[in-house]
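As provided, protein09.cif (mmCIF, C-alpha atoms) reads as follows.
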data_structure
loop_
_atom_site.group_PDB
_atom_site.id
_atom_site.type_symbol
_atom_site.label_atom_id
_atom_site.label_comp_id
_atom_site.auth_asym_id
_atom_site.auth_seq_id
_atom_site.Cartn_x
_atom_site.Cartn_y
_atom_site.Cartn_z
ATOM 1 C CA MET A 2 154.767 128.000 125.298
ATOM 2 C CA GLN A 3 152.010 130.326 124.241
ATOM 3 C CA THR A 4 152.725 133.657 122.683
ATOM 4 C CA THR A 5 150.119 136.138 121.606
ATOM 5 C CA ARG A 6 150.870 139.623 120.396
ATOM 6 C CA ARG A 7 148.823 142.495 119.101
ATOM 7 C CA ARG A 8 150.165 144.836 116.494
ATOM 8 C CA SER A 9 149.503 147.802 118.721
ATOM 9 C CA LEU A 10 152.274 146.541 120.934
ATOM 10 C CA GLY A 11 154.659 146.979 118.065
ATOM 11 C CA THR A 12 156.252 143.713 118.950
ATOM 12 C CA VAL A 13 157.865 141.233 116.646
ATOM 13 C CA VAL A 14 158.708 138.014 118.355
ATOM 14 C CA LEU A 15 161.872 136.281 117.263
ATOM 15 C CA ALA A 16 161.871 132.852 118.714
ATOM 16 C CA THR A 17 164.884 131.153 120.006
ATOM 17 C CA ALA A 18 162.863 128.614 121.873
ATOM 18 C CA LEU A 19 162.404 125.095 120.663
ATOM 19 C CA ALA A 20 158.700 125.389 120.216
ATOM 20 C CA PHE A 21 155.851 127.781 119.891
ATOM 21 C CA SER A 22 152.219 127.069 120.126
ATOM 22 C CA GLY A 23 149.314 129.301 120.549
ATOM 23 C CA ALA A 24 145.680 130.107 120.329
ATOM 24 C CA VAL A 25 143.889 133.383 120.029
ATOM 25 C CA ALA A 26 143.260 134.086 123.631
ATOM 26 C CA THR A 27 141.755 137.506 123.256
ATOM 27 C CA SER A 28 140.037 138.808 120.219
ATOM 28 C CA VAL A 29 138.208 141.702 118.685
ATOM 29 C CA PRO A 30 135.455 141.202 117.794
ATOM 30 C CA ALA A 31 134.497 138.893 120.591
ATOM 31 C CA HIS A 32 133.341 136.102 118.295
ATOM 32 C CA ALA A 33 136.731 135.725 116.661
ATOM 33 C CA ALA A 34 138.531 132.505 117.338
ATOM 34 C CA GLY A 35 141.436 130.590 115.950
ATOM 35 C CA SER A 36 144.637 128.756 116.521
ATOM 36 C CA TYR A 37 147.940 128.533 114.753
ATOM 37 C CA ARG A 38 150.847 126.201 114.351
ATOM 38 C CA LEU A 39 154.338 127.097 113.212
ATOM 39 C CA THR A 40 157.136 124.800 112.247
ATOM 40 C CA VAL A 41 160.606 125.780 111.181
ATOM 41 C CA ALA A 42 162.949 122.965 110.376
ATOM 42 C CA LYS A 43 166.226 122.800 108.519
ATOM 43 C CA THR A 44 164.573 121.705 105.304
ATOM 44 C CA TYR A 45 161.294 123.603 105.400
ATOM 45 C CA SER A 46 159.099 126.181 107.119
ATOM 46 C CA LYS A 47 155.396 125.817 107.634
ATOM 47 C CA ALA A 48 152.581 127.835 109.148
ATOM 48 C CA THR A 49 148.958 126.878 109.562
ATOM 49 C CA THR A 50 145.888 128.616 110.918
ATOM 50 C CA GLN A 51 142.517 127.269 111.905
ATOM 51 C CA THR A 52 139.654 129.661 112.470
ATOM 52 C CA ASN A 53 135.931 129.877 112.951
ATOM 53 C CA GLY A 54 133.234 132.373 113.859
ATOM 54 C CA GLY A 55 133.908 134.801 111.027
ATOM 55 C CA THR A 56 137.650 135.086 111.640
ATOM 56 C CA GLN A 57 140.020 134.780 108.683
ATOM 57 C CA GLY A 58 143.549 133.431 108.867
ATOM 58 C CA GLN A 59 146.548 133.756 106.597
ATOM 59 C CA SER A 60 149.806 131.824 106.775
ATOM 60 C CA HIS A 61 153.280 132.841 105.630
ATOM 61 C CA ALA A 62 156.374 130.687 105.396
ATOM 62 C CA ARG A 63 159.891 131.610 104.302
ATOM 63 C CA HIS A 64 162.675 129.151 103.669
ATOM 64 C CA GLY A 65 165.786 129.873 101.673
ATOM 65 C CA CYS A 66 164.858 131.146 98.215
ATOM 66 C CA ARG A 67 161.134 130.541 98.652
ATOM 67 C CA THR A 68 158.388 132.505 100.374
ATOM 68 C CA SER A 69 154.864 131.186 100.442
ATOM 69 C CA SER A 70 151.746 133.074 101.427
ATOM 70 C CA SER A 71 148.435 131.288 101.613
ATOM 71 C CA ALA A 72 145.167 132.798 100.521
ATOM 72 C CA TRP A 73 142.938 134.069 103.299
ATOM 73 C CA GLY A 74 140.829 131.288 104.743
ATOM 74 C CA SER A 75 137.748 131.204 106.948
ATOM 75 C CA VAL A 76 138.452 127.691 108.165
ATOM 76 C CA SER A 77 142.116 127.067 107.663
ATOM 77 C CA SER A 78 145.199 128.213 105.836
ATOM 78 C CA SER A 79 148.607 126.697 105.419
ATOM 79 C CA ALA A 80 151.862 127.963 103.954
ATOM 80 C CA TYR A 81 154.800 125.700 103.237
ATOM 81 C CA ALA A 82 158.164 126.760 101.836
ATOM 82 C CA SER A 83 161.222 124.668 101.131
ATOM 83 C CA CYS A 84 164.381 125.707 99.317
ATOM 84 C CA GLY A 85 167.783 124.379 100.126
ATOM 85 C CA SER A 86 168.970 123.659 103.619
ATOM 86 C CA GLN A 87 168.693 126.985 105.326
ATOM 87 C CA TYR A 88 166.663 127.935 108.337
ATOM 88 C CA GLY A 89 163.578 129.980 107.721
ATOM 89 C CA SER A 90 160.610 131.439 109.472
ATOM 90 C CA ALA A 91 156.872 131.176 109.686
ATOM 91 C CA SER A 92 154.109 133.564 110.582
ATOM 92 C CA ALA A 93 150.359 133.366 111.167
ATOM 93 C CA LYS A 94 147.974 136.292 110.928
ATOM 94 C CA PHE A 95 144.339 136.664 111.875
ATOM 95 C CA ARG A 96 141.670 139.262 111.420
ATOM 96 C CA MET B 30 144.557 153.464 103.842
ATOM 97 C CA HIS B 31 142.128 151.873 106.134
ATOM 98 C CA ARG B 32 144.265 150.042 108.664
ATOM 99 C CA LYS B 33 141.782 148.811 111.164
ATOM 100 C CA ALA B 34 142.674 145.287 111.981
ATOM 101 C CA ALA B 35 140.097 143.479 114.017
ATOM 102 C CA LEU B 36 142.698 141.130 115.273
ATOM 103 C CA LEU B 37 146.346 140.606 114.756
ATOM 104 C CA LEU B 38 148.633 137.938 115.873
ATOM 105 C CA GLY B 39 152.064 137.299 114.566
ATOM 106 C CA ILE B 40 154.751 135.007 115.630
ATOM 107 C CA THR B 41 158.019 134.289 113.964
ATOM 108 C CA CYS B 42 160.256 131.485 114.830
ATOM 109 C CA LEU B 43 163.770 130.710 113.877
ATOM 110 C CA LEU B 44 165.692 127.570 114.867
ATOM 111 C CA THR B 45 165.464 124.044 113.999
ATOM 112 C CA GLY B 46 162.682 122.021 115.448
ATOM 113 C CA CYS B 47 160.724 125.110 116.280
ATOM 114 C CA ALA B 48 157.455 123.379 116.179
ATOM 115 C CA THR B 49 154.212 123.190 117.823
ATOM 116 C CA SER B 50 150.943 122.874 119.226
ATOM 117 C CA SER B 51 147.566 121.393 119.241
ATOM 118 C CA PRO B 52 145.373 122.785 116.521
ATOM 119 C CA GLU B 53 141.671 122.400 116.724
ATOM 120 C CA PRO B 54 140.418 119.018 115.597
ATOM 121 C CA VAL B 55 140.109 118.614 111.867
ATOM 122 C CA SER B 56 136.599 117.979 110.681
ATOM 123 C CA SER B 57 135.605 114.657 109.270
ATOM 124 C CA ASN B 58 135.508 114.199 105.510
ATOM 125 C CA GLU B 59 131.735 114.390 105.478
ATOM 126 C CA ALA B 60 131.328 117.587 107.462
ATOM 127 C CA ARG B 61 130.154 120.721 105.672
ATOM 128 C CA LEU B 62 130.933 124.360 106.344
ATOM 129 C CA ALA B 63 127.298 125.381 106.032
ATOM 130 C CA GLY B 64 124.098 124.454 104.284
ATOM 131 C CA SER B 65 124.753 126.827 101.419
ATOM 132 C CA LEU B 66 127.046 129.564 100.183
ATOM 133 C CA THR B 67 124.380 132.139 100.912
ATOM 134 C CA GLU B 68 124.345 130.972 104.502
ATOM 135 C CA LEU B 69 128.088 131.587 104.669
ATOM 136 C CA PHE B 70 127.630 135.062 103.180
ATOM 137 C CA GLU B 71 124.955 135.874 105.754
ATOM 138 C CA GLN B 72 127.088 134.634 108.619
ATOM 139 C CA GLN B 73 129.984 136.788 107.474
ATOM 140 C CA LEU B 74 127.844 139.869 106.962
ATOM 141 C CA ALA B 75 126.807 139.679 110.603
ATOM 142 C CA THR B 76 130.441 140.027 111.698
ATOM 143 C CA THR B 77 131.760 142.485 109.127
ATOM 144 C CA ASP B 78 131.971 146.223 109.621
ATOM 145 C CA ASP B 79 133.826 147.300 106.480
ATOM 146 C CA PRO B 80 131.315 149.117 104.243
ATOM 147 C CA VAL B 81 132.886 147.907 100.998
ATOM 148 C CA VAL B 82 132.730 144.314 102.162
ATOM 149 C CA GLN B 83 129.208 144.780 103.460
ATOM 150 C CA ASP B 84 128.065 145.981 100.052
ATOM 151 C CA MET B 85 129.724 143.028 98.347
ATOM 152 C CA LEU B 86 128.175 140.567 100.771
ATOM 153 C CA ARG B 87 124.707 142.047 100.353
ATOM 154 C CA ARG B 88 125.029 141.638 96.596
ATOM 155 C CA ALA B 89 126.279 138.108 97.075
ATOM 156 C CA ILE B 90 123.339 137.238 99.286
ATOM 157 C CA ALA B 91 120.952 138.665 96.689
ATOM 158 C CA THR B 92 122.549 136.846 93.751
ATOM 159 C CA GLY B 93 123.933 133.759 95.429
ATOM 160 C CA GLU B 94 127.521 134.406 94.443
ATOM 161 C CA ILE B 95 130.488 136.733 94.657
ATOM 162 C CA PRO B 96 131.307 137.811 91.097
ATOM 163 C CA GLN B 97 134.867 137.777 89.817
ATOM 164 C CA ALA B 98 134.645 141.567 89.526
ATOM 165 C CA ASP B 99 134.101 141.978 93.260
ATOM 166 C CA TYR B 100 136.989 139.681 94.082
ATOM 167 C CA ASP B 101 139.158 141.654 91.686
ATOM 168 C CA THR B 102 138.094 144.926 93.293
ATOM 169 C CA ALA B 103 139.034 143.632 96.740
ATOM 170 C CA HIS B 104 142.348 142.408 95.388
ATOM 171 C CA GLU B 105 143.068 145.701 93.666
ATOM 172 C CA LEU B 106 142.621 147.490 96.979
ATOM 173 C CA TYR B 107 145.124 145.095 98.522
ATOM 174 C CA ALA B 108 147.605 145.387 95.662
ATOM 175 C CA ARG B 109 147.429 149.178 95.655
ATOM 176 C CA CYS B 110 147.955 149.283 99.396
ATOM 177 C CA MET B 111 150.996 147.020 99.200
ATOM 178 C CA SER B 112 152.401 149.040 96.298
ATOM 179 C CA ASP B 113 151.930 152.249 98.270
ATOM 180 C CA LEU B 114 153.988 150.678 101.038
ATOM 181 C CA GLY B 115 156.806 150.068 98.582
ATOM 182 C CA TYR B 116 156.437 146.355 97.898
ATOM 183 C CA GLU B 117 157.213 145.166 94.387
ATOM 184 C CA MET B 118 154.751 142.316 94.345
ATOM 185 C CA THR B 119 154.012 139.957 91.509
ATOM 186 C CA TYR B 120 150.629 138.319 91.107
ATOM 187 C CA GLU B 121 149.626 135.231 89.197
ATOM 188 C CA ARG B 122 145.982 134.420 88.655
ATOM 189 C CA ARG B 123 145.155 130.865 89.585
ATOM 190 C CA LYS B 124 142.731 128.728 87.626
ATOM 191 C CA ASN B 125 140.129 129.282 90.347
ATOM 192 C CA GLY B 126 140.241 133.045 89.753
ATOM 193 C CA THR B 127 142.131 134.067 92.876
ATOM 194 C CA GLN B 128 145.454 135.844 92.729
ATOM 195 C CA LYS B 129 148.616 134.271 94.036
ATOM 196 C CA ALA B 130 150.805 136.876 95.689
ATOM 197 C CA ILE B 131 154.527 136.525 95.093
ATOM 198 C CA PRO B 132 156.508 138.843 97.335
ATOM 199 C CA PRO B 133 160.082 139.900 96.698
ATOM 200 C CA LEU B 134 162.918 138.003 98.315
ATOM 201 C CA PHE B 135 163.461 139.054 101.900
ATOM 202 C CA GLY B 136 166.974 139.584 103.102
ATOM 203 C CA THR B 137 166.208 139.622 106.774
ATOM 204 C CA GLU B 138 163.817 138.174 109.284
ATOM 205 C CA GLU B 139 162.535 141.639 110.074
ATOM 206 C CA ASP B 140 161.703 142.288 106.419
ATOM 207 C CA PHE B 141 159.694 139.095 106.270
ATOM 208 C CA GLU B 142 157.793 139.914 109.427
ATOM 209 C CA SER B 143 157.098 143.447 108.218
ATOM 210 C CA TYR B 144 155.728 142.034 104.985
ATOM 211 C CA ALA B 145 153.394 139.711 106.859
ATOM 212 C CA ASP B 146 152.215 142.579 109.053
ATOM 213 C CA ASP B 147 151.702 144.923 106.102
ATOM 214 C CA SER B 148 149.889 142.226 104.143
ATOM 215 C CA LEU B 149 147.516 141.885 107.047
ATOM 216 C CA ASP B 150 146.947 145.613 107.293
ATOM 217 C CA CYS B 151 146.241 145.838 103.565
ATOM 218 C CA SER B 152 143.656 143.050 103.670
ATOM 219 C CA ASP B 153 140.674 144.840 105.174
ATOM 220 C CA GLN B 154 138.546 143.934 102.170
ATOM 221 C CA LEU B 155 140.492 141.049 100.683
ATOM 222 C CA ALA B 156 140.506 138.777 103.725
ATOM 223 C CA VAL B 157 136.756 138.228 103.844
ATOM 224 C CA ILE B 158 136.119 138.307 100.111
ATOM 225 C CA GLU B 159 139.026 136.030 99.211
ATOM 226 C CA ALA B 160 138.088 133.459 101.841
ATOM 227 C CA LEU B 161 134.507 133.313 100.596
ATOM 228 C CA TYR B 162 135.352 133.539 96.904
ATOM 229 C CA LEU B 163 137.864 130.731 97.216
ATOM 230 C CA THR B 164 135.245 128.592 98.922
ATOM 231 C CA GLN B 165 132.737 129.439 96.217
ATOM 232 C CA GLU B 166 135.079 128.638 93.347
ATOM 233 C CA GLY B 167 137.256 125.937 94.845
ATOM 234 C CA ASN B 168 135.044 124.117 97.282
ATOM 235 C CA PRO B 169 131.508 124.021 95.892
ATOM 236 C CA GLY B 170 130.691 121.041 98.074
ATOM 237 C CA LEU B 171 131.477 123.190 101.103
ATOM 238 C CA LEU B 172 133.614 120.450 102.580
ATOM 239 C CA SER B 173 135.008 121.284 105.995
ATOM 240 C CA ASP B 174 138.224 119.343 105.656
ATOM 241 C CA PRO B 175 140.701 121.321 103.521
ATOM 242 C CA THR B 176 142.839 118.272 102.861
ATOM 243 C CA THR B 177 139.866 116.470 101.360
ATOM 244 C CA VAL B 178 139.238 119.467 99.116
ATOM 245 C CA VAL B 179 142.825 119.363 97.849
ATOM 246 C CA VAL B 180 142.921 115.611 97.358
ATOM 247 C CA GLN B 181 139.660 115.551 95.418
ATOM 248 C CA CYS B 182 140.996 118.310 93.188
ATOM 249 C CA LEU B 183 144.314 116.519 92.611
ATOM 250 C CA ILE B 184 142.522 113.351 91.593
ATOM 251 C CA HIS B 185 140.076 115.215 89.367
ATOM 252 C CA ALA B 186 142.935 117.053 87.692
ATOM 253 C CA GLY B 187 144.690 113.790 87.005
ATOM 254 C CA LEU B 188 147.672 114.712 89.133
ATOM 255 C CA ALA B 189 147.130 111.937 91.625
ATOM 256 C CA PRO B 190 145.688 108.449 91.217
ATOM 257 C CA SER B 191 142.161 107.730 92.402
ATOM 258 C CA SER B 192 143.681 105.712 95.207
ATOM 259 C CA TYR B 193 145.311 108.841 96.632
ATOM 260 C CA ARG B 194 143.956 109.564 100.104
ATOM 261 C CA ASP B 195 144.008 112.449 102.540
ATOM 262 C CA GLU B 196 146.623 110.606 104.553
ATOM 263 C CA ASP B 197 148.816 110.298 101.481
ATOM 264 C CA PHE B 198 148.711 114.044 100.937
ATOM 265 C CA THR B 199 149.537 114.720 104.573
ATOM 266 C CA ASN B 200 152.366 112.216 104.535
ATOM 267 C CA ASP B 201 153.801 113.595 101.296
ATOM 268 C CA LEU B 202 153.677 117.133 102.646
ATOM 269 C CA GLU B 203 155.324 116.108 105.885
ATOM 270 C CA ALA B 204 157.968 114.292 103.856
ATOM 271 C CA GLY B 205 159.148 117.557 102.356
ATOM 272 C CA ALA B 206 156.368 118.210 99.856
ATOM 273 C CA ASP B 207 157.499 115.082 98.059
ATOM 274 C CA PHE B 208 154.415 114.791 95.893
ATOM 275 C CA PRO B 209 154.068 112.493 92.890
ATOM 276 C CA PHE B 210 153.521 115.520 90.618
ATOM 277 C CA ASP B 211 154.984 118.954 89.881
ATOM 278 C CA THR B 212 154.349 120.882 93.059
ATOM 279 C CA ASN B 213 154.829 124.267 91.411
ATOM 280 C CA GLY B 214 152.687 123.516 88.360
ATOM 281 C CA ALA B 215 149.555 125.556 87.723
ATOM 282 C CA ASP B 216 147.175 122.652 88.297
ATOM 283 C CA ALA B 217 148.809 121.673 91.567
ATOM 284 C CA GLN B 218 148.877 125.263 92.785
ATOM 285 C CA ASP B 219 145.208 125.603 91.942
ATOM 286 C CA CYS B 220 144.368 122.492 93.950
ATOM 287 C CA PHE B 221 146.498 123.542 96.900
ATOM 288 C CA SER B 222 144.856 126.944 97.075
ATOM 289 C CA ARG B 223 141.362 125.449 97.027
ATOM 290 C CA GLY B 224 142.152 123.929 100.393
ATOM 291 C CA GLY B 225 143.882 127.044 101.673
ATOM 292 C CA PHE B 226 147.381 125.704 101.119
ATOM 293 C CA GLY B 227 150.231 127.789 99.781
ATOM 294 C CA ILE B 228 153.082 125.446 98.927
ATOM 295 C CA GLU B 229 156.355 126.606 97.365
ATOM 296 C CA THR B 230 159.369 124.407 96.847
ATOM 297 C CA GLY B 231 162.697 125.238 95.296
ATOM 298 C CA PRO B 232 165.934 123.541 94.419
ATOM 299 C CA GLU B 233 167.578 121.410 97.074
#
Since I need it in another form, could you write the structure as structure tokens?
Amino acid sequence: MQTTRRRSLGTVVLATALAFSGAVATSVPAHAAGSYRLTVAKTYSKATTQTNGGTQGQSHARHGCRTSSSAWGSVSSSAYASCGSQYGSASAKFR
Amino acid sequence: MHRKAALLLGITCLLTGCATSSPEPVSSNEARLAGSLTELFEQQLATTDDPVVQDMLRRAIATGEIPQADYDTAHELYARCMSDLGYEMTYERRKNGTQKAIPPLFGTEEDFESYADDSLDCSDQLAVIEALYLTQEGNPGLLSDPTTVVVQCLIHAGLAPSSYRDEDFTNDLEAGADFPFDTNGADAQDCFSRGGFGIETGPE
């Protein structure tokens, strides 16, 4: 399942599906490129980005009492959070 | 506030097993990002339209480095922007000079997603400068594989034995960040960030 959203759409996607996967299908500027991977499990949340061509990625993960935000990365970023046994969320951002 | 995002993509997932995809292949341990830092600065300048960032990159190309002061300026712009939006953020400077952002606790999924969106919008300058500064300070060998960067740092810092391999790090992370050292310690956090990892663990 691929899901790509732009902020101008004002859309926040709350997943109830079993899996998400995606790649930056359209981009501004045209050289931008990247992919992301999100994992939310009972014991942790994780987000990763991989980018190239001058695009930066940032990952965010939230799980229980912990929220992790990666630094911005030109090649990759990864955020991992684990606290207790609650479900969490993960998010990947590009620019 | 300058809120021109070149590209935005945000996905949030909830439920167990929500997992995914096929990331691009990871580079080999020997691969390099570029021939030099200056080359990276030049590549980025060609794709950057923010005037503040352009000025910083031109200085970096002339001197061969991004000074701490320019990173701090970019971060101050981010921090001010987030503060103006009402976020009570805390920042901790890592050993490599970058700032670790610690957001407040989020009560709802929507709050978390809004934070991620706002953080993006406030990063017009920080995104480029932080990515390059972190490479400059944390990855002087310009290694392409972020895991290799982290593992080399962990070994050098004495947190992991010299026999520790990239696969060990990956396995330990996949096993619930079950590392043979204090995950939340300053040295570990420094090493994680050098490879672009933000890792936070709390009580079971």
7 Å contact set for range 61-78 of chain A, all atoms listed in the file, chain neighbours under 4 positions out, as an MDAnalysis selection string: (chainID A and resid 45:53 55:57 82:85 87:93) or (chainID B and resid 130 145 156 159:160 222 225:231)
Show me the residues close to (137.4, 118.6, 103.4) - anything with an atom within 8 Å, counting all atoms listed in the file - and format the list as a list in words.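 Residues close enough to count: Ser56, Ser57, Asn58, Glu59, Ala60, Arg61, Leu171, Leu172, Ser173, Asp174, Pro175, Thr176, Thr177, Val178, Val179 and Gly224 of chain B.
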Given the file shown, determine the residues that the PyMOL selection byres ((chain B and resi 114) around 12) selects; report them as a list in words.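 Here the PyMOL selection byres ((chain B and resi 114) around 12) matches Met30, Tyr107, Ala108, Arg109, Cys110, Met111, Ser112, Asp113, Gly115, Tyr116, Glu117, Met118, Ser143, Tyr144, Asp146, Asp147, Ser148, Asp150 and Cys151 of chain B.
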One-decimal distance in Å that lies between CA of Ser60 in chain A and CA of Thr40 in chain A: 11.5 Å
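Atom pair CA of His104 in chain B / CA of Thr92 in chain B: separated by 20.6 Å.
Evaluated on this file, the PyMOL selection byres ((chain B and resi 97) around 12) matches B:Met85, B:Ala89, B:Glu94, B:Ile95, B:Pro96, B:Ala98, B:Asp99, B:Tyr100, B:Asp101, B:Thr102, B:Ala103, B:His104, B:Arg122, B:Asn125, B:Gly126, B:Thr127, B:Gln128, B:Ile158, B:Glu159, B:Leu161, B:Tyr162, B:Leu163, B:Gln165, B:Glu166.
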In Å to one decimal, how far is CA of Asp207 in chain B from CA of Leu183 in chain B? 14.3 Å
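With distances taken over all atoms listed in the file, B:Phe221 is the one residue among B:Tyr193, B:Phe198, B:Phe221, B:Phe208 lying closest to chain A.
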Calculated over only C-alpha atoms, which of the candidates B:Pro169, B:Thr76, B:Thr212, B:Gly136 has the smallest distance to chain A?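 Among B:Pro169, B:Thr76, B:Thr212, B:Gly136, it is B:Thr76 that comes nearest to chain A.
The residue that comes closest to Val82 in chain B, out of B:Asn213, B:Thr137, B:Thr119, B:Gln154 and on the basis of only C-alpha atoms, is B:Gln154.
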Option closest in space to chain B, from A:Gln59, A:Arg96, A:Gly54, A:Ala34 [counting only C-alpha atoms]: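 Among the listed residues, A:Arg96 lies closest to chain B.
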Dig up all the protein and nucleic acid residues within 8 Å of (124.0, 141.3, 104.2) in the file frame, using all atoms listed in the file, and format them as number ranges by chain. B: 70-71, 74-75, 83-84, 86-88, 90
Which polymer residues have any atom within 12 Å of an atom of Leu188 in chain B, counting all atoms listed in the file, with same-chain residues fewer than 3 positions away left out, as a count of residues only? 24
